>>> print(open('upload37.pdb').read())   # PDB, C-alpha atoms
MODEL        1
ATOM      1  CA  MET S 816      -8.972  -9.777  50.783
ATOM      2  CA  GLN S 817     -11.777 -10.088  48.259
ATOM      3  CA  ALA S 818     -11.272 -11.962  44.962
ATOM      4  CA  PRO S 819     -14.189 -11.246  42.594
ATOM      5  CA  ALA S 820     -14.513 -13.888  39.875
ATOM      6  CA  ALA S 821     -15.164 -11.274  37.173
ATOM      7  CA  ALA S 822     -11.975  -9.381  38.043
ATOM      8  CA  GLU S 823      -9.995 -12.619  37.910
ATOM      9  CA  ARG S 824     -11.416 -13.364  34.447
ATOM     10  CA  ASN S 825     -10.983  -9.944  32.876
ATOM     11  CA  LYS S 826      -7.642  -8.845  34.337
ATOM     12  CA  GLY S 827      -5.701 -10.411  31.444
ATOM     13  CA  PRO S 828      -7.694  -8.901  28.563
ATOM     14  CA  ILE S 829      -7.745  -5.486  30.247
ATOM     15  CA  LEU S 830      -3.984  -5.581  30.811
ATOM     16  CA  GLU S 831      -3.437  -6.312  27.111
ATOM     17  CA  VAL S 832      -5.180  -3.044  26.249
ATOM     18  CA  LEU S 833      -3.518  -1.041  29.033
ATOM     19  CA  ARG S 834      -0.053  -2.120  27.832
ATOM     20  CA  GLN S 835      -0.693  -0.237  24.602
ATOM     21  CA  TYR S 836      -1.011   3.031  26.527
ATOM     22  CA  VAL S 837       1.834   2.605  29.008
ATOM     23  CA  GLY S 838       5.411   3.142  27.906
ATOM     24  CA  SER S 839       4.572   3.977  24.313
ATOM     25  CA  GLY S 840       3.521   6.933  22.230
ATOM     26  CA  THR S 841       3.590  10.214  24.141
ATOM     27  CA  HIS S 842       4.918   8.422  27.240
ATOM     28  CA  ALA S 843       7.949   6.754  25.695
ATOM     29  CA  GLY S 844      11.050   7.355  27.764
ATOM     30  CA  SER S 845       9.264   9.649  30.190
ATOM     31  CA  GLY S 846      10.176   7.727  33.345
ATOM     32  CA  VAL S 847       7.614   6.786  35.984
ATOM     33  CA  LEU S 848       3.994   7.058  34.842
ATOM     34  CA  ARG S 849       1.453   8.288  37.363
ATOM     35  CA  VAL S 850      -1.769   6.273  37.400
ATOM     36  CA  LEU S 851      -4.915   6.857  39.454
ATOM     37  CA  GLU S 852      -7.533   4.095  39.556
ATOM     38  CA  VAL S 853     -10.953   5.219  40.803
ATOM     39  CA  GLY S 854     -13.407   2.661  42.138
ATOM     40  CA  ALA S 855     -10.639   0.077  42.505
ATOM     41  CA  GLY S 856     -12.944  -2.290  44.400
ATOM     42  CA  ALA S 857     -11.257  -5.359  45.848
ATOM     43  CA  GLY S 858      -7.809  -4.306  44.617
ATOM     44  CA  LEU S 859      -7.103  -7.404  42.513
ATOM     45  CA  HIS S 860      -6.819  -5.314  39.348
ATOM     46  CA  ALA S 861      -4.568  -2.708  40.968
ATOM     47  CA  ALA S 862      -2.135  -5.322  42.259
ATOM     48  CA  HIS S 863      -2.104  -7.266  38.985
ATOM     49  CA  PHE S 864      -1.629  -4.208  36.770
ATOM     50  CA  ALA S 865       0.977  -2.551  38.998
ATOM     51  CA  ARG S 866       3.057  -5.742  39.089
ATOM     52  CA  ALA S 867       2.807  -6.180  35.310
ATOM     53  CA  LEU S 868       3.571  -2.500  34.636
ATOM     54  CA  PRO S 869       6.542  -1.670  36.881
ATOM     55  CA  GLN S 870       7.088   1.671  35.124
ATOM     56  CA  THR S 871       3.856   2.938  36.709
ATOM     57  CA  ARG S 872       3.169   4.463  40.100
ATOM     58  CA  TRP S 873      -0.291   2.990  40.685
ATOM     59  CA  GLN S 874      -2.625   4.817  43.081
ATOM     60  CA  PRO S 875      -5.789   2.813  43.853
ATOM     61  CA  SER S 876      -8.833   4.463  45.415
ATOM     62  CA  ASP S 877     -12.403   3.706  46.400
ATOM     63  CA  ILE S 878     -15.299   5.201  48.357
ATOM     64  CA  GLU S 879     -16.130   2.028  50.298
ATOM     65  CA  PRO S 880     -14.209   1.270  53.541
ATOM     66  CA  ARG S 881     -14.513  -2.483  52.876
ATOM     67  CA  ALA S 882     -12.889  -2.034  49.466
ATOM     68  CA  LEU S 883     -10.086   0.077  50.945
ATOM     69  CA  ARG S 884      -9.318  -2.698  53.443
ATOM     70  CA  SER S 885      -9.236  -5.300  50.670
ATOM     71  CA  ILE S 886      -6.955  -3.135  48.492
ATOM     72  CA  ALA S 887      -4.573  -2.655  51.432
ATOM     73  CA  ALA S 888      -4.545  -6.421  52.016
ATOM     74  CA  TYR S 889      -3.636  -7.066  48.371
ATOM     75  CA  ALA S 890      -0.856  -4.498  48.531
ATOM     76  CA  GLU S 891       0.575  -6.158  51.637
ATOM     77  CA  ALA S 892       0.150  -9.739  50.449
ATOM     78  CA  MET S 893       1.562  -9.256  46.954
ATOM     79  CA  GLN S 894       4.342  -6.829  47.934
ATOM     80  CA  VAL S 895       4.095  -4.716  44.791
ATOM     81  CA  PRO S 896       6.473  -1.793  45.402
ATOM     82  CA  ASN S 897       4.898   0.560  42.842
ATOM     83  CA  MET S 898       1.353   0.093  44.205
ATOM     84  CA  LEU S 899       0.578   2.877  46.672
ATOM     85  CA  PRO S 900      -1.663   2.545  49.744
ATOM     86  CA  PRO S 901      -5.315   3.117  48.795
ATOM     87  CA  ILE S 902      -6.994   6.478  49.285
ATOM     88  CA  LEU S 903     -10.625   7.336  50.009
ATOM     89  CA  LEU S 904     -12.049   9.028  46.908
ATOM     90  CA  ASP S 905     -15.591  10.052  46.002
ATOM     91  CA  VAL S 906     -15.489  10.550  42.233
ATOM     92  CA  SER S 907     -18.662  12.652  42.331
ATOM     93  CA  GLN S 908     -16.814  15.307  44.339
ATOM     94  CA  GLY S 909     -14.411  17.880  42.902
ATOM     95  CA  TRP S 910     -10.875  16.917  41.933
ATOM     96  CA  GLU S 911      -9.598  19.028  44.829
ATOM     97  CA  THR S 912     -10.708  16.205  47.139
ATOM     98  CA  TRP S 913      -8.956  13.456  45.162
ATOM     99  CA  GLY S 914      -6.113  12.770  47.580
ATOM    100  CA  GLY S 915      -4.047  15.815  46.709
ATOM    101  CA  THR S 916      -3.566  14.971  43.026
ATOM    102  CA  GLN S 917      -2.528  18.156  41.244
ATOM    103  CA  PRO S 918      -3.683  19.402  37.816
ATOM    104  CA  ALA S 919      -1.952  17.963  34.734
ATOM    105  CA  THR S 920       0.084  15.386  36.701
ATOM    106  CA  LEU S 921      -1.592  12.087  35.737
ATOM    107  CA  ASP S 922      -0.551   9.981  32.754
ATOM    108  CA  LEU S 923      -3.436   7.545  33.107
ATOM    109  CA  LEU S 924      -6.801   7.580  34.876
ATOM    110  CA  VAL S 925      -8.498   4.178  35.134
ATOM    111  CA  SER S 926     -12.141   3.329  35.858
ATOM    112  CA  ILE S 927     -13.257  -0.300  35.592
ATOM    113  CA  ASN S 928     -16.887  -1.400  35.958
ATOM    114  CA  MET S 929     -17.917   1.747  37.800
ATOM    115  CA  MET S 930     -20.220   3.796  35.569
ATOM    116  CA  HIS S 931     -23.180   1.397  35.387
ATOM    117  CA  ILE S 932     -23.369   0.846  39.156
ATOM    118  CA  ALA S 933     -23.065   4.490  40.151
ATOM    119  CA  GLU S 934     -25.191   7.585  39.743
ATOM    120  CA  LEU S 935     -24.621   9.686  36.636
ATOM    121  CA  ARG S 936     -22.960  12.394  38.750
ATOM    122  CA  CYS S 937     -20.095   9.941  39.323
ATOM    123  CA  THR S 938     -19.533   9.594  35.569
ATOM    124  CA  GLU S 939     -19.737  13.374  35.203
ATOM    125  CA  GLY S 940     -17.235  13.776  38.039
ATOM    126  CA  LEU S 941     -14.889  11.276  36.423
ATOM    127  CA  PHE S 942     -14.718  13.291  33.210
ATOM    128  CA  LYS S 943     -14.376  16.605  35.043
ATOM    129  CA  GLY S 944     -11.507  15.192  37.077
ATOM    130  CA  ALA S 945      -9.865  13.722  33.976
ATOM    131  CA  GLY S 946     -10.080  17.065  32.213
ATOM    132  CA  VAL S 947      -8.138  18.747  35.007
ATOM    133  CA  LEU S 948      -5.763  16.071  36.279
ATOM    134  CA  LEU S 949      -4.529  14.363  33.107
ATOM    135  CA  LYS S 950      -1.456  15.685  31.355
ATOM    136  CA  PRO S 951      -1.905  16.755  27.723
ATOM    137  CA  GLY S 952      -1.919  13.486  25.797
ATOM    138  CA  GLY S 953      -2.864  11.549  28.929
ATOM    139  CA  VAL S 954      -5.481   8.790  28.795
ATOM    140  CA  LEU S 955      -8.744   8.108  30.578
ATOM    141  CA  PHE S 956      -9.335   4.341  30.326
ATOM    142  CA  THR S 957     -12.783   2.989  31.141
ATOM    143  CA  TYR S 958     -14.071  -0.569  30.959
ATOM    144  CA  GLY S 959     -17.504  -2.137  31.247
ATOM    145  CA  PRO S 960     -20.776  -2.687  29.382
ATOM    146  CA  TYR S 961     -22.098   0.295  27.417
ATOM    147  CA  ALA S 962     -24.948   1.344  25.193
ATOM    148  CA  VAL S 963     -23.622   2.481  21.809
ATOM    149  CA  ASP S 964     -25.455   5.404  20.218
ATOM    150  CA  GLY S 965     -28.751   4.478  21.830
ATOM    151  CA  ARG S 966     -28.511   0.719  21.315
ATOM    152  CA  ILE S 967     -27.727  -1.999  23.846
ATOM    153  CA  SER S 968     -26.674  -5.433  22.617
ATOM    154  CA  PRO S 969     -26.745  -8.365  22.962
ATOM    155  CA  GLN S 970     -29.893  -9.362  24.857
ATOM    156  CA  SER S 971     -27.875 -10.287  27.948
ATOM    157  CA  ASN S 972     -26.761  -6.651  28.259
ATOM    158  CA  VAL S 973     -30.361  -5.470  27.748
ATOM    159  CA  ASP S 974     -31.416  -7.752  30.606
ATOM    160  CA  PHE S 975     -28.484  -6.581  32.746
ATOM    161  CA  ASP S 976     -29.395  -2.932  32.175
ATOM    162  CA  ARG S 977     -33.011  -3.627  33.145
ATOM    163  CA  SER S 978     -31.981  -5.424  36.345
ATOM    164  CA  LEU S 979     -29.655  -2.566  37.309
ATOM    165  CA  ARG S 980     -32.399   0.018  36.863
ATOM    166  CA  GLN S 981     -34.782  -2.103  38.898
ATOM    167  CA  SER S 982     -32.223  -2.197  41.707
ATOM    168  CA  ASN S 983     -31.577   1.542  41.469
ATOM    169  CA  PRO S 984     -33.212   3.823  38.870
ATOM    170  CA  ALA S 985     -30.034   5.964  38.839
ATOM    171  CA  TRP S 986     -27.932   3.010  37.642
ATOM    172  CA  GLY S 987     -27.707   1.495  34.170
ATOM    173  CA  LEU S 988     -25.475   1.188  31.121
ATOM    174  CA  ARG S 989     -24.123   4.579  29.998
ATOM    175  CA  ASP S 990     -24.334   5.522  26.349
ATOM    176  CA  THR S 991     -21.146   6.197  24.411
ATOM    177  CA  ALA S 992     -22.863   9.217  22.803
ATOM    178  CA  LEU S 993     -23.247  10.792  26.253
ATOM    179  CA  LEU S 994     -19.675   9.890  27.162
ATOM    180  CA  ARG S 995     -18.416  11.583  23.995
ATOM    181  CA  GLN S 996     -20.262  14.750  25.019
ATOM    182  CA  LEU S 997     -18.838  14.642  28.541
ATOM    183  CA  ALA S 998     -15.371  14.030  27.140
ATOM    184  CA  GLU S 999     -15.517  16.938  24.700
ATOM    185  CA  ALA S1000     -16.884  19.268  27.394
ATOM    186  CA  ASN S1001     -13.781  18.507  29.468
ATOM    187  CA  GLY S1002     -11.072  18.623  26.807
ATOM    188  CA  LEU S1003     -10.937  14.929  25.954
ATOM    189  CA  ARG S1004     -11.712  12.920  22.835
ATOM    190  CA  LEU S1005     -12.949   9.344  22.466
ATOM    191  CA  GLU S1006     -10.042   7.879  20.552
ATOM    192  CA  ARG S1007     -10.899   4.190  20.464
ATOM    193  CA  MET S1008     -13.456   1.556  21.462
ATOM    194  CA  VAL S1009     -12.148  -1.977  21.946
ATOM    195  CA  ASP S1010     -14.506  -4.967  22.023
ATOM    196  CA  MET S1011     -13.749  -7.141  25.044
ATOM    197  CA  PRO S1012     -14.884 -10.567  26.267
ATOM    198  CA  ALA S1013     -18.349 -10.990  27.845
ATOM    199  CA  ASN S1014     -19.850  -8.132  25.786
ATOM    200  CA  ASN S1015     -17.814  -5.417  27.474
ATOM    201  CA  LYS S1016     -15.758  -2.636  25.925
ATOM    202  CA  SER S1017     -12.619  -0.682  26.749
ATOM    203  CA  LEU S1018     -12.952   3.018  25.948
ATOM    204  CA  ILE S1019      -9.878   5.178  25.411
ATOM    205  CA  PHE S1020     -10.291   8.922  25.907
ATOM    206  CA  ARG S1021      -7.309  11.173  25.141
ATOM    207  CA  LYS S1022      -6.693  14.529  26.825
ATOM    208  CA  GLN S1023      -6.163  17.201  24.182
TER
ENDMDL
END
>>> encode(input="upload37.pdb", output="structure tokens")
Amino acid sequence: MQAPAAAERNKGPILEVLRQYVGSGTHAGSGVLRVLEVGAGAGLHAAHFARALPQTRWQPSDIEPRALRSIAAYAEAMQVPNMLPPILLDVSQGWETWGGTQPATLDLLVSINMMHIAELRCTEGLFKGAGVLLKPGGVLFTYGPYAVDGRISPQSNVDFDRSLRQSNPAWGLRDTALLRQLAEANGLRLERMVDMPANNKSLIFRKQ
């Protein structure tokens, strides 16, 4: 069972934002909310959020076998009844391969700290999947460091972006201008950007 320090630090601030999109607005009184988390990593977030949001049915997923084992260990250790066993999911592949999730059945799609350490095709796949699988009014929630309209700040994020691209030229901070384009091409709209600790942001995309 992995316990990344960053996930331990940011789980609280992220949950504060997620609460605003679970059990309110279009979802008020609608019963169980279906959530799919892609790139769930160690599973700490999934267990924490599912326990704090009992009205959700939280489906964690990842592409890495080691991550899937860690997620399963969290689910067993924390005994969170609304956290489902993890599924293998490659976000760069078509939604048809996403564990049997059907079109327009998800209330919330979550992606935390994935875009900058994955090839662009993974980000493109995320938005394509969101466009098909989210219900009208559903939310794609993403979290991490981003470039905003061509600008990266502060210097620590500039340095981080450079180090990522040195590790893998296909990695790096994604620009919110590009994400807006991907969203609009798939029937979503960037509704809100929330400044978060450690120079990260939460992005809220709404399915039209």
>>> closest_residue(input="upload37.pdb", among="S:Met930, S:Ile878, S:Leu904, S:Leu848", to="Leu979 (chain S)", atoms="all atoms listed in the file")
S:Met930
>>> residues_near_point(input="upload37.pdb", point="(-8.4, 4.6, 25.7)", cutoff="10 Å", atoms="all atoms listed in the file", output="list in words")
Val832, Leu833, Gln835, Tyr836, Leu923, Leu924, Val925, Gly953, Val954, Leu955, Phe956, Thr957, Tyr958, Arg1004, Leu1005, Glu1006, Arg1007, Met1008, Val1009, Ser1017, Leu1018, Ile1019, Phe1020 and Arg1021 of chain S
>>> write_last_selection(input="upload37.pdb", atoms="C-alpha atoms", output="PDB file, in the coordinates of the input")
ATOM      1  CA  VAL S 832      -5.180  -3.044  26.249  1.00  0.00           C
ATOM      2  CA  LEU S 833      -3.518  -1.041  29.033  1.00  0.00           C
ATOM      3  CA  GLN S 835      -0.693  -0.237  24.602  1.00  0.00           C
ATOM      4  CA  TYR S 836      -1.011   3.031  26.527  1.00  0.00           C
ATOM      5  CA  LEU S 923      -3.436   7.545  33.107  1.00  0.00           C
ATOM      6  CA  LEU S 924      -6.801   7.580  34.876  1.00  0.00           C
ATOM      7  CA  VAL S 925      -8.498   4.178  35.134  1.00  0.00           C
ATOM      8  CA  GLY S 953      -2.864  11.549  28.929  1.00  0.00           C
ATOM      9  CA  VAL S 954      -5.481   8.790  28.795  1.00  0.00           C
ATOM     10  CA  LEU S 955      -8.744   8.108  30.578  1.00  0.00           C
ATOM     11  CA  PHE S 956      -9.335   4.341  30.326  1.00  0.00           C
ATOM     12  CA  THR S 957     -12.783   2.989  31.141  1.00  0.00           C
ATOM     13  CA  TYR S 958     -14.071  -0.569  30.959  1.00  0.00           C
ATOM     14  CA  ARG S1004     -11.712  12.920  22.835  1.00  0.00           C
ATOM     15  CA  LEU S1005     -12.949   9.344  22.466  1.00  0.00           C
ATOM     16  CA  GLU S1006     -10.042   7.879  20.552  1.00  0.00           C
ATOM     17  CA  ARG S1007     -10.899   4.190  20.464  1.00  0.00           C
ATOM     18  CA  MET S1008     -13.456   1.556  21.462  1.00  0.00           C
ATOM     19  CA  VAL S1009     -12.148  -1.977  21.946  1.00  0.00           C
ATOM     20  CA  SER S1017     -12.619  -0.682  26.749  1.00  0.00           C
ATOM     21  CA  LEU S1018     -12.952   3.018  25.948  1.00  0.00           C
ATOM     22  CA  ILE S1019      -9.878   5.178  25.411  1.00  0.00           C
ATOM     23  CA  PHE S1020     -10.291   8.922  25.907  1.00  0.00           C
ATOM     24  CA  ARG S1021      -7.309  11.173  25.141  1.00  0.00           C
TER      25      ARG S1021
END
>>> atom_distance(input="upload37.pdb", atom1="CA of Gln874 (chain S)", atom2="CA of Pro960 (chain S)")
23.9 Å
>>> resolve_selection(input="upload37.pdb", expression="the PyMOL selection byres ((chain S and resi 942) around 12)", output="PyMOL selection string")
chain S and resi 853+906-910+924-926+930+935-941+943-949+954-957+993-1005+1020-1022
>>> resolve_selection(input="upload37.pdb", expression="the PyMOL selection byres ((chain S and resi 972) around 12)", output="VMD selection string")
chain S and resid 931 959 to 963 966 to 971 973 to 979 987 to 989 1013 to 1016
>>> closest_residue(input="upload37.pdb", among="S:Ala867, S:Val837, S:Met929, S:Ala862", to="Ala892 (chain S)", atoms="only C-alpha atoms")
S:Ala862
>>> closest_atom_pairs(input="upload37.pdb", of="region 840-918 of chain S", to="region 825-829 of chain S", cutoff="8 Å", atoms="only C-alpha atoms", output="JSON lines")
{"residue": "S:His860", "atom": "CA", "partner": "S:Lys826", "partner_atom": "CA", "distance": 6.2}
{"residue": "S:His863", "atom": "CA", "partner": "S:Lys826", "partner_atom": "CA", "distance": 7.4}
{"residue": "S:Phe864", "atom": "CA", "partner": "S:Lys826", "partner_atom": "CA", "distance": 8.0}
>>> residues_around(input="upload37.pdb", residues="Pro901 (chain S)", least_positions_apart="4", cutoff="12 Å", atoms="all atoms listed in the file", output="PyMOL selection string")
chain S and resi 851-858+861-862+873-891+913-914
>>> write_last_selection(input="upload37.pdb", atoms="C-alpha atoms", output="mmCIF file, in the frame of the given file")
data_model
loop_
_atom_site.group_PDB
_atom_site.id
_atom_site.type_symbol
_atom_site.label_atom_id
_atom_site.label_comp_id
_atom_site.auth_asym_id
_atom_site.auth_seq_id
_atom_site.Cartn_x
_atom_site.Cartn_y
_atom_site.Cartn_z
ATOM 1 C CA LEU S 851 -4.915 6.857 39.454
ATOM 2 C CA GLU S 852 -7.533 4.095 39.556
ATOM 3 C CA VAL S 853 -10.953 5.219 40.803
ATOM 4 C CA GLY S 854 -13.407 2.661 42.138
ATOM 5 C CA ALA S 855 -10.639 0.077 42.505
ATOM 6 C CA GLY S 856 -12.944 -2.290 44.400
ATOM 7 C CA ALA S 857 -11.257 -5.359 45.848
ATOM 8 C CA GLY S 858 -7.809 -4.306 44.617
ATOM 9 C CA ALA S 861 -4.568 -2.708 40.968
ATOM 10 C CA ALA S 862 -2.135 -5.322 42.259
ATOM 11 C CA TRP S 873 -0.291 2.990 40.685
ATOM 12 C CA GLN S 874 -2.625 4.817 43.081
ATOM 13 C CA PRO S 875 -5.789 2.813 43.853
ATOM 14 C CA SER S 876 -8.833 4.463 45.415
ATOM 15 C CA ASP S 877 -12.403 3.706 46.400
ATOM 16 C CA ILE S 878 -15.299 5.201 48.357
ATOM 17 C CA GLU S 879 -16.130 2.028 50.298
ATOM 18 C CA PRO S 880 -14.209 1.270 53.541
ATOM 19 C CA ARG S 881 -14.513 -2.483 52.876
ATOM 20 C CA ALA S 882 -12.889 -2.034 49.466
ATOM 21 C CA LEU S 883 -10.086 0.077 50.945
ATOM 22 C CA ARG S 884 -9.318 -2.698 53.443
ATOM 23 C CA SER S 885 -9.236 -5.300 50.670
ATOM 24 C CA ILE S 886 -6.955 -3.135 48.492
ATOM 25 C CA ALA S 887 -4.573 -2.655 51.432
ATOM 26 C CA ALA S 888 -4.545 -6.421 52.016
ATOM 27 C CA TYR S 889 -3.636 -7.066 48.371
ATOM 28 C CA ALA S 890 -0.856 -4.498 48.531
ATOM 29 C CA GLU S 891 0.575 -6.158 51.637
ATOM 30 C CA TRP S 913 -8.956 13.456 45.162
ATOM 31 C CA GLY S 914 -6.113 12.770 47.580
#
>>> atom_distance(input="upload37.pdb", atom1="CA of Ala933 (chain S)", atom2="CA of Ala985 (chain S)")
7.2 Å
>>> atom_distance(input="upload37.pdb", atom1="CA of Arg866 (chain S)", atom2="CA of Glu831 (chain S)")
13.6 Å
>>> closest_residue(input="upload37.pdb", among="S:Gln981, S:Pro869, S:Glu934, S:Ala822", to="Asp905 (chain S)", atoms="only C-alpha atoms")
S:Glu934
>>> closest_residue(input="upload37.pdb", among="S:Ser982, S:Gln817, S:Arg872, S:Asp1010", to="Leu899 (chain S)", atoms="all atoms listed in the file")
S:Arg872
>>> decode(input="upload37.pdb", residues="region 919-1003 of chain S", atoms="C-alpha atoms", output="mmCIF file, in the first residue's frame")
data_model
loop_
_atom_site.group_PDB
_atom_site.id
_atom_site.type_symbol
_atom_site.label_atom_id
_atom_site.label_comp_id
_atom_site.auth_asym_id
_atom_site.auth_seq_id
_atom_site.Cartn_x
_atom_site.Cartn_y
_atom_site.Cartn_z
ATOM 1 C CA ALA S 919 -24.017 9.300 -20.324
ATOM 2 C CA THR S 920 -23.860 7.338 -17.040
ATOM 3 C CA LEU S 921 -21.133 9.185 -15.096
ATOM 4 C CA ASP S 922 -21.807 12.129 -12.793
ATOM 5 C CA LEU S 923 -18.136 12.866 -12.195
ATOM 6 C CA LEU S 924 -14.880 11.968 -13.941
ATOM 7 C CA VAL S 925 -11.737 12.665 -11.904
ATOM 8 C CA SER S 926 -8.116 12.975 -13.051
ATOM 9 C CA ILE S 927 -5.489 14.073 -10.525
ATOM 10 C CA ASN S 928 -1.859 14.763 -11.455
ATOM 11 C CA MET S 929 -2.034 12.745 -14.657
ATOM 12 C CA MET S 930 -1.787 15.106 -17.630
ATOM 13 C CA HIS S 931 1.774 16.368 -17.109
ATOM 14 C CA ILE S 932 3.281 12.889 -16.686
ATOM 15 C CA ALA S 933 1.522 11.285 -19.636
ATOM 16 C CA GLU S 934 1.629 11.692 -23.388
ATOM 17 C CA LEU S 935 -0.762 14.199 -24.933
ATOM 18 C CA ARG S 936 -2.856 11.347 -26.365
ATOM 19 C CA CYS S 937 -3.840 10.505 -22.777
ATOM 20 C CA THR S 938 -5.205 14.023 -22.238
ATOM 21 C CA GLU S 939 -7.003 13.822 -25.583
ATOM 22 C CA GLY S 940 -8.446 10.443 -24.597
ATOM 23 C CA LEU S 941 -9.607 11.829 -21.266
ATOM 24 C CA PHE S 942 -11.659 14.547 -22.944
ATOM 25 C CA LYS S 943 -13.046 12.183 -25.580
ATOM 26 C CA GLY S 944 -14.127 9.774 -22.861
ATOM 27 C CA ALA S 945 -15.641 12.587 -20.794
ATOM 28 C CA GLY S 946 -17.615 13.796 -23.790
ATOM 29 C CA VAL S 947 -19.239 10.390 -24.189
ATOM 30 C CA LEU S 948 -19.510 9.028 -20.654
ATOM 31 C CA LEU S 949 -20.592 12.045 -18.596
ATOM 32 C CA LYS S 950 -24.270 12.780 -18.162
ATOM 33 C CA PRO S 951 -25.468 16.197 -19.357
ATOM 34 C CA GLY S 952 -24.399 18.565 -16.592
ATOM 35 C CA GLY S 953 -21.772 16.096 -15.381
ATOM 36 C CA VAL S 954 -18.301 17.287 -14.374
ATOM 37 C CA LEU S 955 -14.772 16.465 -15.454
ATOM 38 C CA PHE S 956 -12.505 17.446 -12.538
ATOM 39 C CA THR S 957 -8.771 17.702 -13.153
ATOM 40 C CA TYR S 958 -6.013 18.749 -10.776
ATOM 41 C CA GLY S 959 -2.337 19.540 -11.205
ATOM 42 C CA PRO S 960 0.090 22.195 -12.449
ATOM 43 C CA TYR S 961 -0.854 23.920 -15.711
ATOM 44 C CA ALA S 962 0.337 26.564 -18.111
ATOM 45 C CA VAL S 963 -2.281 29.309 -18.443
ATOM 46 C CA ASP S 964 -2.669 30.807 -21.912
ATOM 47 C CA GLY S 965 0.957 30.196 -22.803
ATOM 48 C CA ARG S 966 2.463 31.229 -19.468
ATOM 49 C CA ILE S 967 3.881 29.048 -16.704
ATOM 50 C CA SER S 968 4.353 30.519 -13.236
ATOM 51 C CA PRO S 969 5.953 30.671 -10.758
ATOM 52 C CA GLN S 970 9.575 29.765 -11.508
ATOM 53 C CA SER S 971 9.256 26.468 -9.633
ATOM 54 C CA ASN S 972 6.639 25.328 -12.165
ATOM 55 C CA VAL S 973 8.871 26.489 -15.043
ATOM 56 C CA ASP S 974 11.680 24.364 -13.599
ATOM 57 C CA PHE S 975 9.306 21.429 -13.057
ATOM 58 C CA ASP S 976 8.095 21.614 -16.659
ATOM 59 C CA ARG S 977 11.688 21.658 -17.920
ATOM 60 C CA SER S 978 12.642 18.631 -15.808
ATOM 61 C CA LEU S 979 9.598 16.700 -17.039
ATOM 62 C CA ARG S 980 10.455 17.372 -20.676
ATOM 63 C CA GLN S 981 14.040 16.327 -20.066
ATOM 64 C CA SER S 982 12.787 13.041 -18.626
ATOM 65 C CA ASN S 983 10.347 12.521 -21.495
ATOM 66 C CA PRO S 984 9.825 15.039 -24.326
ATOM 67 C CA ALA S 985 6.150 13.971 -24.517
ATOM 68 C CA TRP S 986 5.533 15.085 -20.917
ATOM 69 C CA GLY S 987 5.099 18.597 -19.549
ATOM 70 C CA LEU S 988 2.543 21.035 -18.173
ATOM 71 C CA ARG S 989 -0.558 21.250 -20.391
ATOM 72 C CA ASP S 990 -1.894 24.647 -21.354
ATOM 73 C CA THR S 991 -5.401 25.636 -20.309
ATOM 74 C CA ALA S 992 -5.937 27.107 -23.803
ATOM 75 C CA LEU S 993 -5.408 23.644 -25.305
ATOM 76 C CA LEU S 994 -7.640 22.063 -22.674
ATOM 77 C CA ARG S 995 -10.415 24.529 -23.514
ATOM 78 C CA GLN S 996 -10.163 23.485 -27.166
ATOM 79 C CA LEU S 997 -10.273 19.789 -26.291
ATOM 80 C CA ALA S 998 -13.223 20.401 -23.993
ATOM 81 C CA GLU S 999 -15.232 22.312 -26.590
ATOM 82 C CA ALA S 1000 -14.484 19.687 -29.255
ATOM 83 C CA ASN S 1001 -16.067 17.081 -26.973
ATOM 84 C CA GLY S 1002 -19.114 18.965 -25.707
ATOM 85 C CA LEU S 1003 -17.650 20.336 -22.486
#
